[in-house]
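Trainee: Structure file query.pdb, PDB, C-alpha atoms, pLDDT in the B column, is pasted below:
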ATOM      1  CA  MET A   7      -9.922  18.359  -4.542  1.00 59.00           C
ATOM      2  CA  SER A   8     -11.462  17.395  -1.230  1.00 71.00           C
ATOM      3  CA  GLN A   9     -13.051  14.015  -0.707  1.00 82.00           C
ATOM      4  CA  GLN A  10     -15.094  12.470   2.057  1.00 86.00           C
ATOM      5  CA  VAL A  11     -13.177  10.269   4.489  1.00 87.00           C
ATOM      6  CA  SER A  12     -15.675   7.458   3.844  1.00 88.00           C
ATOM      7  CA  LEU A  13     -14.923   7.580   0.089  1.00 87.00           C
ATOM      8  CA  ILE A  14     -11.189   7.584   0.757  1.00 86.00           C
ATOM      9  CA  ILE A  15     -11.538   4.536   3.018  1.00 88.00           C
ATOM     10  CA  SER A  16     -13.642   2.798   0.368  1.00 89.00           C
ATOM     11  CA  ARG A  17     -10.921   3.364  -2.235  1.00 87.00           C
ATOM     12  CA  ILE A  18      -8.197   2.179   0.129  1.00 86.00           C
ATOM     13  CA  LYS A  19     -10.207  -1.011   0.805  1.00 87.00           C
ATOM     14  CA  GLU A  20     -10.637  -1.520  -2.935  1.00 87.00           C
ATOM     15  CA  PHE A  21      -6.898  -1.064  -3.550  1.00 86.00           C
ATOM     16  CA  VAL A  22      -5.989  -3.498  -0.759  1.00 83.00           C
ATOM     17  CA  GLN A  23      -8.494  -6.101  -2.017  1.00 85.00           C
ATOM     18  CA  VAL A  24      -7.083  -5.910  -5.547  1.00 85.00           C
ATOM     19  CA  LYS A  25      -3.536  -6.389  -4.219  1.00 82.00           C
ATOM     20  CA  LEU A  26      -4.626  -9.190  -1.866  1.00 81.00           C
ATOM     21  CA  ASN A  27      -6.462 -11.001  -4.681  1.00 84.00           C
ATOM     22  CA  SER A  28      -3.380 -10.692  -6.862  1.00 83.00           C
ATOM     23  CA  LEU A  29      -1.234 -12.106  -4.079  1.00 79.00           C
ATOM     24  CA  VAL A  30      -3.689 -14.962  -3.429  1.00 81.00           C
ATOM     25  CA  SER A  31      -3.684 -15.972  -7.084  1.00 84.00           C
ATOM     26  CA  THR A  32       0.059 -16.685  -6.934  1.00 81.00           C
ATOM     27  CA  ASN A  33       0.552 -17.980  -3.395  1.00 76.00           C
ATOM     28  CA  THR A  34      -1.378 -20.881  -1.855  1.00 76.00           C
ATOM     29  CA  GLN A  35      -0.250 -20.041   1.696  1.00 71.00           C
ATOM     30  CA  ILE A  36      -1.903 -16.669   1.432  1.00 71.00           C
ATOM     31  CA  ALA A  37      -4.972 -18.112  -0.321  1.00 79.00           C
ATOM     32  CA  PHE A  38      -5.520 -20.357   2.678  1.00 78.00           C
ATOM     33  CA  LEU A  39      -5.334 -17.363   5.043  1.00 76.00           C
ATOM     34  CA  LYS A  40      -7.288 -14.880   2.889  1.00 81.00           C
ATOM     35  CA  PRO A  41     -10.411 -14.885   5.105  1.00 84.00           C
ATOM     36  CA  PHE A  42      -8.257 -14.109   8.141  1.00 80.00           C
ATOM     37  CA  ALA A  43      -6.259 -11.484   6.258  1.00 77.00           C
ATOM     38  CA  THR A  44      -9.439  -9.788   5.053  1.00 82.00           C
ATOM     39  CA  ARG A  45     -10.862  -9.558   8.572  1.00 83.00           C
ATOM     40  CA  TYR A  46      -7.506  -8.440   9.941  1.00 79.00           C
ATOM     41  CA  LEU A  47      -7.280  -5.675   7.339  1.00 80.00           C
ATOM     42  CA  ASP A  48     -10.878  -4.612   8.007  1.00 82.00           C
ATOM     43  CA  ASN A  49      -9.961  -4.138  11.659  1.00 82.00           C
ATOM     44  CA  LYS A  50      -6.876  -2.120  10.746  1.00 81.00           C
ATOM     45  CA  ILE A  51      -8.728   0.085   8.245  1.00 86.00           C
ATOM     46  CA  ASP A  52     -10.957   1.314  11.083  1.00 85.00           C
ATOM     47  CA  LYS A  53      -7.835   2.738  12.716  1.00 85.00           C
ATOM     48  CA  VAL A  54      -6.845   4.422   9.442  1.00 85.00           C
ATOM     49  CA  GLU A  55     -10.321   5.948   9.179  1.00 89.00           C
ATOM     50  CA  LYS A  56     -10.127   7.359  12.704  1.00 89.00           C
ATOM     51  CA  PHE A  57      -6.663   8.719  11.911  1.00 87.00           C
ATOM     52  CA  LEU A  58      -7.889  10.444   8.731  1.00 87.00           C
ATOM     53  CA  TYR A  59     -10.691  12.224  10.569  1.00 89.00           C
ATOM     54  CA  ASN A  60      -7.976  14.160  12.410  1.00 89.00           C
ATOM     55  CA  PHE A  61      -7.264  15.974   9.128  1.00 85.00           C
ATOM     56  CA  ALA A  62     -10.825  16.434   7.909  1.00 87.00           C
ATOM     57  CA  ASP A  63     -12.884  19.600   7.965  1.00 86.00           C
ATOM     58  CA  LYS A  64     -16.274  19.816   9.703  1.00 87.00           C
ATOM     59  CA  GLU A  65     -17.979  18.078   6.768  1.00 88.00           C
ATOM     60  CA  GLY A  66     -15.527  15.156   6.854  1.00 86.00           C
ATOM     61  CA  ASN A  67     -13.596  16.241   3.736  1.00 88.00           C
ATOM     62  CA  ILE A  68      -9.851  15.978   3.210  1.00 87.00           C
ATOM     63  CA  ASP A  69      -7.678  17.405   0.429  1.00 83.00           C
ATOM     64  CA  ILE A  70      -6.501  13.881  -0.280  1.00 77.00           C
ATOM     65  CA  GLU A  71      -4.868  14.492  -3.664  1.00 77.00           C
ATOM     66  CA  GLY A  72      -2.313  16.892  -2.233  1.00 79.00           C
ATOM     67  CA  ILE A  73      -1.640  14.666   0.749  1.00 80.00           C
ATOM     68  CA  VAL A  74      -1.302  11.487  -1.336  1.00 76.00           C
ATOM     69  CA  ASP A  75       0.958  13.132  -3.930  1.00 79.00           C
ATOM     70  CA  GLU A  76       3.301  14.531  -1.272  1.00 82.00           C
ATOM     71  CA  THR A  77       3.274  11.320   0.756  1.00 78.00           C
ATOM     72  CA  VAL A  78       4.092   9.147  -2.261  1.00 76.00           C
ATOM     73  CA  GLU A  79       6.897  11.495  -3.275  1.00 78.00           C
ATOM     74  CA  ASN A  80       8.309  11.239   0.252  1.00 78.00           C
ATOM     75  CA  LEU A  81       8.011   7.433   0.208  1.00 75.00           C
ATOM     76  CA  ILE A  82       9.793   7.160  -3.126  1.00 73.00           C
ATOM     77  CA  SER A  83      12.690   9.353  -2.051  1.00 76.00           C
ATOM     78  CA  LYS A  84      13.066   7.967   1.505  1.00 71.00           C
ATOM     79  CA  LYS A  85      16.270   6.036   2.171  1.00 75.00           C
ATOM     80  CA  LYS A  86      15.025   3.736   4.936  1.00 82.00           C
ATOM     81  CA  ALA A  87      12.442   3.899   7.662  1.00 80.00           C
ATOM     82  CA  GLU A  88      11.067   1.083   9.757  1.00 83.00           C
ATOM     83  CA  TRP A  89       8.045   0.837  12.052  1.00 78.00           C
ATOM     84  CA  THR A  90       6.956  -2.004  14.272  1.00 79.00           C
ATOM     85  CA  MET A  91       3.195  -2.080  14.675  1.00 70.00           C
ATOM     86  CA  GLY A  92       2.843  -4.999  17.041  1.00 67.00           C
ATOM     87  CA  GLU A  93       4.727  -8.159  17.794  1.00 61.00           C
ATOM     88  CA  ALA A  94       4.656  -9.503  14.235  1.00 60.00           C
ATOM     89  CA  GLU A  95       3.856  -6.436  12.158  1.00 74.00           C
ATOM     90  CA  LYS A  96       6.585  -4.412  10.576  1.00 81.00           C
ATOM     91  CA  ILE A  97       6.529  -1.826   7.802  1.00 83.00           C
ATOM     92  CA  ILE A  98       9.774  -0.942   6.048  1.00 84.00           C
ATOM     93  CA  ILE A  99      10.125   1.902   3.560  1.00 85.00           C
ATOM     94  CA  GLU A 100      13.300   1.546   1.548  1.00 83.00           C
ATOM     95  CA  ASP A 101      14.470   2.329  -1.975  1.00 79.00           C
ATOM     96  CA  GLY A 102      11.036   3.512  -3.106  1.00 78.00           C
ATOM     97  CA  LYS A 103       9.265   0.384  -1.863  1.00 83.00           C
ATOM     98  CA  ILE A 104       6.926  -0.248   1.024  1.00 83.00           C
ATOM     99  CA  LYS A 105       7.435  -3.688   2.564  1.00 85.00           C
ATOM    100  CA  ILE A 106       4.706  -4.934   4.886  1.00 81.00           C
ATOM    101  CA  ASP A 107       5.264  -8.077   6.938  1.00 80.00           C
ATOM    102  CA  LEU A 108       2.300 -10.415   6.956  1.00 73.00           C
ATOM    103  CA  PRO A 109       1.740 -11.892  10.395  1.00 70.00           C
ATOM    104  CA  PHE A 110       1.749 -15.669  10.876  1.00 68.00           C
ATOM    105  CA  ILE A 111       3.044 -16.680   7.420  1.00 69.00           C
ATOM    106  CA  ASN A 112       6.513 -15.115   7.297  1.00 73.00           C
ATOM    107  CA  LYS A 113       5.856 -13.308   3.985  1.00 73.00           C
ATOM    108  CA  GLN A 114       5.968  -9.691   2.854  1.00 78.00           C
ATOM    109  CA  VAL A 115       3.761  -7.603   0.624  1.00 79.00           C
ATOM    110  CA  ILE A 116       5.976  -5.247  -1.344  1.00 83.00           C
ATOM    111  CA  LEU A 117       4.466  -2.181  -2.946  1.00 84.00           C
ATOM    112  CA  ASP A 118       6.659  -0.548  -5.559  1.00 83.00           C
ATOM    113  CA  ASN A 119       6.378   2.678  -7.539  1.00 78.00           C
ATOM    114  CA  ASN A 120       3.868   1.117  -9.974  1.00 82.00           C
ATOM    115  CA  ASP A 121       1.604   0.131  -7.081  1.00 83.00           C
ATOM    116  CA  LEU A 122       1.864   3.624  -5.622  1.00 76.00           C
ATOM    117  CA  GLN A 123       0.993   5.174  -8.980  1.00 76.00           C
ATOM    118  CA  ASP A 124      -2.063   2.859  -9.225  1.00 80.00           C
ATOM    119  CA  PHE A 125      -3.073   4.037  -5.762  1.00 77.00           C
ATOM    120  CA  ILE A 126      -2.754   7.699  -6.774  1.00 73.00           C
ATOM    121  CA  LYS A 127      -4.960   7.133  -9.836  1.00 78.00           C
ATOM    122  CA  MET A 128      -7.787   6.076  -7.530  1.00 74.00           C
ATOM    123  CA  PHE A 129      -8.077   9.658  -6.329  1.00 69.00           C
TER     124      PHE A 129
END
Mind converting the file's structure to structure tokens?

Mentor:
Amino acid sequence: MSQQVSLIISRIKEFVQVKLNSLVSTNTQIAFLKPFATRYLDNKIDKVEKFLYNFADKEGNIDIEGIVDETVENLISKKKAEWTMGEAEKIIIEDGKIKIDLPFINKQVILDNNDLQDFIKMF
């Protein structure tokens, strides 16, 4: 089923906010930096939106379910991959988990299979 890029971005923002709020509730360092993290993520989501438009049709629709299902399956089965996205940003995919370094506080957000399944349910 195709969905508008704007709806996809809205659901991604919702997913990230839920995970960030969960993280903030258990970690005071992150609670202190939540306003900065929120603005930082808002800036990054604009790049994701521009990226997604590369795969959209003329009406701005993407077959997101197929893409998300295949991507999650690839993430779960991937042995190890690592990307550096700036001086302090690193994403590691390993053993079915996505580990995202949080700049400035020397912490990681780790998304496991349950998180990925929650993400899939949003679509």

Trainee: List the neighbours of segment 69-81 of chain A out to 10 Å using all atoms listed in the file; skip same-chain residues closer than 4 positions along the sequence, and give me the result as a PDB file with C-alpha atoms, in the coordinates of the input.

Mentor:
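Generated file (result-v8.pdb):
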ATOM      1  CA  MET A   7      -9.922  18.359  -4.542  1.00 59.00           C
ATOM      2  CA  SER A   8     -11.462  17.395  -1.230  1.00 71.00           C
ATOM      3  CA  GLN A   9     -13.051  14.015  -0.707  1.00 82.00           C
ATOM      4  CA  GLN A  10     -15.094  12.470   2.057  1.00 86.00           C
ATOM      5  CA  VAL A  11     -13.177  10.269   4.489  1.00 87.00           C
ATOM      6  CA  ILE A  14     -11.189   7.584   0.757  1.00 86.00           C
ATOM      7  CA  LEU A  58      -7.889  10.444   8.731  1.00 87.00           C
ATOM      8  CA  PHE A  61      -7.264  15.974   9.128  1.00 85.00           C
ATOM      9  CA  ALA A  62     -10.825  16.434   7.909  1.00 87.00           C
ATOM     10  CA  ASP A  63     -12.884  19.600   7.965  1.00 86.00           C
ATOM     11  CA  LYS A  85      16.270   6.036   2.171  1.00 75.00           C
ATOM     12  CA  LYS A  86      15.025   3.736   4.936  1.00 82.00           C
ATOM     13  CA  ALA A  87      12.442   3.899   7.662  1.00 80.00           C
ATOM     14  CA  ILE A  99      10.125   1.902   3.560  1.00 85.00           C
ATOM     15  CA  GLU A 100      13.300   1.546   1.548  1.00 83.00           C
ATOM     16  CA  ASP A 101      14.470   2.329  -1.975  1.00 79.00           C
ATOM     17  CA  GLY A 102      11.036   3.512  -3.106  1.00 78.00           C
ATOM     18  CA  LYS A 103       9.265   0.384  -1.863  1.00 83.00           C
ATOM     19  CA  ILE A 104       6.926  -0.248   1.024  1.00 83.00           C
ATOM     20  CA  ASP A 118       6.659  -0.548  -5.559  1.00 83.00           C
ATOM     21  CA  ASN A 119       6.378   2.678  -7.539  1.00 78.00           C
ATOM     22  CA  LEU A 122       1.864   3.624  -5.622  1.00 76.00           C
ATOM     23  CA  GLN A 123       0.993   5.174  -8.980  1.00 76.00           C
ATOM     24  CA  PHE A 125      -3.073   4.037  -5.762  1.00 77.00           C
ATOM     25  CA  ILE A 126      -2.754   7.699  -6.774  1.00 73.00           C
ATOM     26  CA  LYS A 127      -4.960   7.133  -9.836  1.00 78.00           C
ATOM     27  CA  MET A 128      -7.787   6.076  -7.530  1.00 74.00           C
ATOM     28  CA  PHE A 129      -8.077   9.658  -6.329  1.00 69.00           C
TER      29      PHE A 129
END

Trainee: Place a sphere of radius 10 Å on (-8.2, 1.0, 1.3) in the file coordinates and name every protein, DNA or RNA residue with an atom inside or on its surface, counting all atoms listed in the file; give the answer as a list in words.

Mentor: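 The answer, in the requested form, is Leu13, Ile14, Ile15, Ser16, Arg17, Ile18, Lys19, Glu20, Phe21, Val22, Gln23, Val24, Leu47, Asp48, Ile51, Val54, Glu55 and Phe125 of chain A.
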
Trainee: Mind giving me the straight-line distance from atom CA of Tyr59 of chain A to atom CA of Asp124 of chain A in Å, one decimal?

Mentor: 23.5 Å

Trainee: Nearest residue to Lys113 of chain A out of A:Ile36, A:Ile82, A:Val30, A:Ala43, using only C-alpha atoms?

Mentor: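 Checking each of A:Ile36, A:Ile82, A:Val30, A:Ala43 against Lys113 of chain A, counting only C-alpha atoms, the winner is A:Ile36.
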
Trainee: Expressed in Å to a single decimal, how great is the separation between atom CA of Ser31 of chain A and atom CA of Lys53 of chain A?

Mentor: 27.6 Å

Trainee: Could you expand the PyMOL selection byres ((chain A and resi 89) around 12) into the explicit residues it covers here, written as a ChimeraX atom specification?

Mentor: /A:86-88,90-100,104-107

Trainee: Give the answer as one residue: which of A:Asn112, A:Thr44, A:Asn27, A:Ser12 has the shortest atom-to-atom distance to Glu65 of chain A, using all atoms listed in the file?

Mentor: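 Looking only at the distances to Glu65 of chain A, the closest residue turns out to be A:Ser12.
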
Trainee: I'd like the interatomic distance between atom CA of Arg45 of chain A and atom CA of Leu29 of chain A, to a tenth of an Å.

Mentor: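 These two atoms are separated by 16.1 Å.
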
Trainee: Enclose segment 79-94 of chain A, meaning all of its atoms listed in the file, in a box aligned along x, y and z, pad it by 4 Å on each side, and list the centre and edge lengths in Å to one decimal, as JSON.

Mentor:
{"center_x": 9.6, "center_y": 1.0, "center_z": 7.3, "size_x": 21.4, "size_y": 29.0, "size_z": 29.1}
